[in-house]
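Heads up: the structure comes next, in structure tokens.
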Amino acid sequence: MTTDFETDRPQIPAPSTGALNGVRTALWVALAGSVIFWIGLPFPVVTDFFESETTAERLALVNGERTQFAVAFGLLGLGAAVAGVGLWLLGRAIAPMEAERGRRRGRAAQIAGWLGLLGVLMGVSRLLHAVFATPEYMEGGDNIVDPVAGVIGGLGTSVALIILGVLAWSAPPPKWTAVVLVLGGVAAAVTFLPLFWYFALIVFAIANLIVMRRRATSPGATATTPSA
């Protein structure tokens, strides 16, 4: 990110190739995790599970569709975990660039990365419970690990997306992807639907990867920081 809030600050050097490669890697990881999540989402057992009104109905569903449940929710968990790693890598990659523009911006990027890492906790918990835990344990009252991990990871992911979106707004185009990221974080927090996180990340990552590639291959292009 190369634009500063203050007009009298000295010109900030363009980020190095290594720094841009770090951002690019983070975007690819976040994109991969988001796609994995969406692959698991269309399974019928996912819709049936969340539409079940009682614990008995959900337990019967899990018992009757154990393999499909393990695959579908396993993909959801794996995708969340991988995307969380991507957010952590993204926060780490842009933190030095943001620090050149202001100490608070650098800290904000670092905080966003660590908050995104909480999504790994949420995803790993969901993956392990889906694949290895018994249906009775998953639906029993003693199972508080997954819900707690979900709340912590969910809040962390939403705040991480909002912070990264705010930072991205003052970066080079495509600025509209910053709005997508913020809206994804807010929508998921309000509706408790994680699909908004990963849809926003897919749009954000693809758009920025395309722009970064175009800048890198255009004649006379100079290195600039992507809007992330």
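Chain identifiers are assigned as A, B, and so on, following the order in which chains appear in the structure tokens; residues are numbered from 1 within each chain, and ligands are numbered from 1 in order of appearance.
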
### Message
So that I can see what lies close to A:Leu117, please list as a PyMOL selection string the residues with an atom at most 7 Å from it, counting only C-alpha atoms and leaving out residues fewer than 3 positions away in the same chain.
### Response
chain A and resi 84-85+87-88+113-114+120

Produce a file of the selected residues containing C-alpha atoms, as a CSV table (one decimal), in the first residue's frame.
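For reference, out23.csv as written:
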chain,number,residue,atom,x,y,z
A,84,GLY,CA,-7.3,-18.6,8.1
A,85,VAL,CA,-3.6,-19.3,7.2
A,87,LEU,CA,-5.3,-14.2,6.2
A,88,TRP,CA,-2.4,-14.7,8.7
A,113,GLY,CA,-3.2,-11.5,10.6
A,114,TRP,CA,-3.4,-12.9,14.1
A,120,VAL,CA,-7.6,-21.9,11.7

### Query
Counting only C-alpha atoms, what is within 6 Å of stretch 89-101 of chain A, bar same-chain residues fewer than 6 positions away, as JSON, numbers by chain?
{"A": [4, 22, 23, 26, 109, 110, 112, 113]}

Could those residues be written to a file, using N, CA and C atoms, as a PDB file, in the first residue's frame?
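Everything below was put into out02.pdb:
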ATOM      1  N   ASP A   4      -0.530   7.525   1.579  1.00  0.00           N
ATOM      2  CA  ASP A   4      -0.581   7.799   3.003  1.00  0.00           C
ATOM      3  C   ASP A   4      -1.712   8.747   3.319  1.00  0.00           C
ATOM      4  N   GLY A  22       5.205 -12.381  -1.263  1.00  0.00           N
ATOM      5  CA  GLY A  22       4.553 -12.788  -0.031  1.00  0.00           C
ATOM      6  C   GLY A  22       3.069 -12.490  -0.050  1.00  0.00           C
ATOM      7  N   VAL A  23       2.705 -11.320  -0.571  1.00  0.00           N
ATOM      8  CA  VAL A  23       1.291 -10.963  -0.695  1.00  0.00           C
ATOM      9  C   VAL A  23       0.600 -11.903  -1.675  1.00  0.00           C
ATOM     10  N   ALA A  26      -0.031 -15.259  -0.090  1.00  0.00           N
ATOM     11  CA  ALA A  26      -1.124 -15.173   0.868  1.00  0.00           C
ATOM     12  C   ALA A  26      -2.472 -15.169   0.168  1.00  0.00           C
ATOM     13  N   ALA A 109      -2.283  -4.207  10.672  1.00  0.00           N
ATOM     14  CA  ALA A 109      -2.071  -5.336   9.765  1.00  0.00           C
ATOM     15  C   ALA A 109      -1.649  -6.579  10.526  1.00  0.00           C
ATOM     16  N   GLN A 110      -0.761  -6.408  11.525  1.00  0.00           N
ATOM     17  CA  GLN A 110      -0.339  -7.548  12.327  1.00  0.00           C
ATOM     18  C   GLN A 110      -1.508  -8.134  13.114  1.00  0.00           C
ATOM     19  N   ALA A 112      -4.661  -7.955  12.345  1.00  0.00           N
ATOM     20  CA  ALA A 112      -5.553  -8.630  11.401  1.00  0.00           C
ATOM     21  C   ALA A 112      -5.045 -10.027  11.069  1.00  0.00           C
ATOM     22  N   GLY A 113      -3.728 -10.152  10.906  1.00  0.00           N
ATOM     23  CA  GLY A 113      -3.161 -11.463  10.621  1.00  0.00           C
ATOM     24  C   GLY A 113      -3.389 -12.450  11.751  1.00  0.00           C
TER      25      GLY A 113
END

Leaving out A:Leu118 and any residue of its chain fewer than 4 positions from it, which residues lie within 10 Å of it when counting only C-alpha atoms, given as an mmCIF file with C-alpha atoms, in the first residue's frame?
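Output file part.cif follows:
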data_model
loop_
_atom_site.group_PDB
_atom_site.id
_atom_site.type_symbol
_atom_site.label_atom_id
_atom_site.label_comp_id
_atom_site.auth_asym_id
_atom_site.auth_seq_id
_atom_site.Cartn_x
_atom_site.Cartn_y
_atom_site.Cartn_z
ATOM 1 C CA ALA A 80 -11.786 -22.386 6.942
ATOM 2 C CA ALA A 81 -8.412 -23.503 8.295
ATOM 3 C CA GLY A 84 -7.258 -18.594 8.054
ATOM 4 C CA VAL A 85 -3.634 -19.344 7.230
ATOM 5 C CA LEU A 87 -5.295 -14.235 6.247
ATOM 6 C CA TRP A 88 -2.404 -14.672 8.663
ATOM 7 C CA GLY A 113 -3.161 -11.463 10.621
ATOM 8 C CA TRP A 114 -3.364 -12.912 14.123
ATOM 9 C CA MET A 122 -12.269 -22.790 14.119
ATOM 10 C CA GLY A 123 -11.593 -24.772 10.951
ATOM 11 C CA ALA A 149 -13.893 -22.388 18.692
ATOM 12 C CA GLY A 150 -16.549 -21.335 16.194
ATOM 13 C CA VAL A 151 -17.429 -18.165 18.098
ATOM 14 C CA ILE A 152 -13.805 -17.168 18.695
ATOM 15 C CA GLY A 153 -12.721 -17.994 15.154
ATOM 16 C CA GLY A 154 -15.773 -16.354 13.651
ATOM 17 C CA LEU A 155 -15.293 -13.072 15.478
ATOM 18 C CA GLY A 156 -11.601 -13.098 14.634
ATOM 19 C CA THR A 157 -12.252 -13.722 10.951
ATOM 20 C CA ALA A 160 -9.656 -9.455 10.297
#

#### Entry: 6 Å contact set for stretch 126-136 of chain A, only C-alpha atoms, chain neighbours under 4 positions out, as a PyMOL selection string
chain A and resi 70+73-74+77-78+140

How about saving the chosen residues, C-alpha atoms kept, as a PDB file, in the first residue's frame?
ATOM      1  CA  ALA A  70     -17.817 -36.149   7.394  1.00  0.00           C
ATOM      2  CA  PHE A  73     -18.270 -30.600   7.102  1.00  0.00           C
ATOM      3  CA  GLY A  74     -14.700 -31.793   6.775  1.00  0.00           C
ATOM      4  CA  GLY A  77     -13.476 -27.052   8.270  1.00  0.00           C
ATOM      5  CA  LEU A  78     -10.466 -27.611   6.034  1.00  0.00           C
ATOM      6  CA  GLY A 140     -24.201 -33.972  23.069  1.00  0.00           C
TER       7      GLY A 140
END
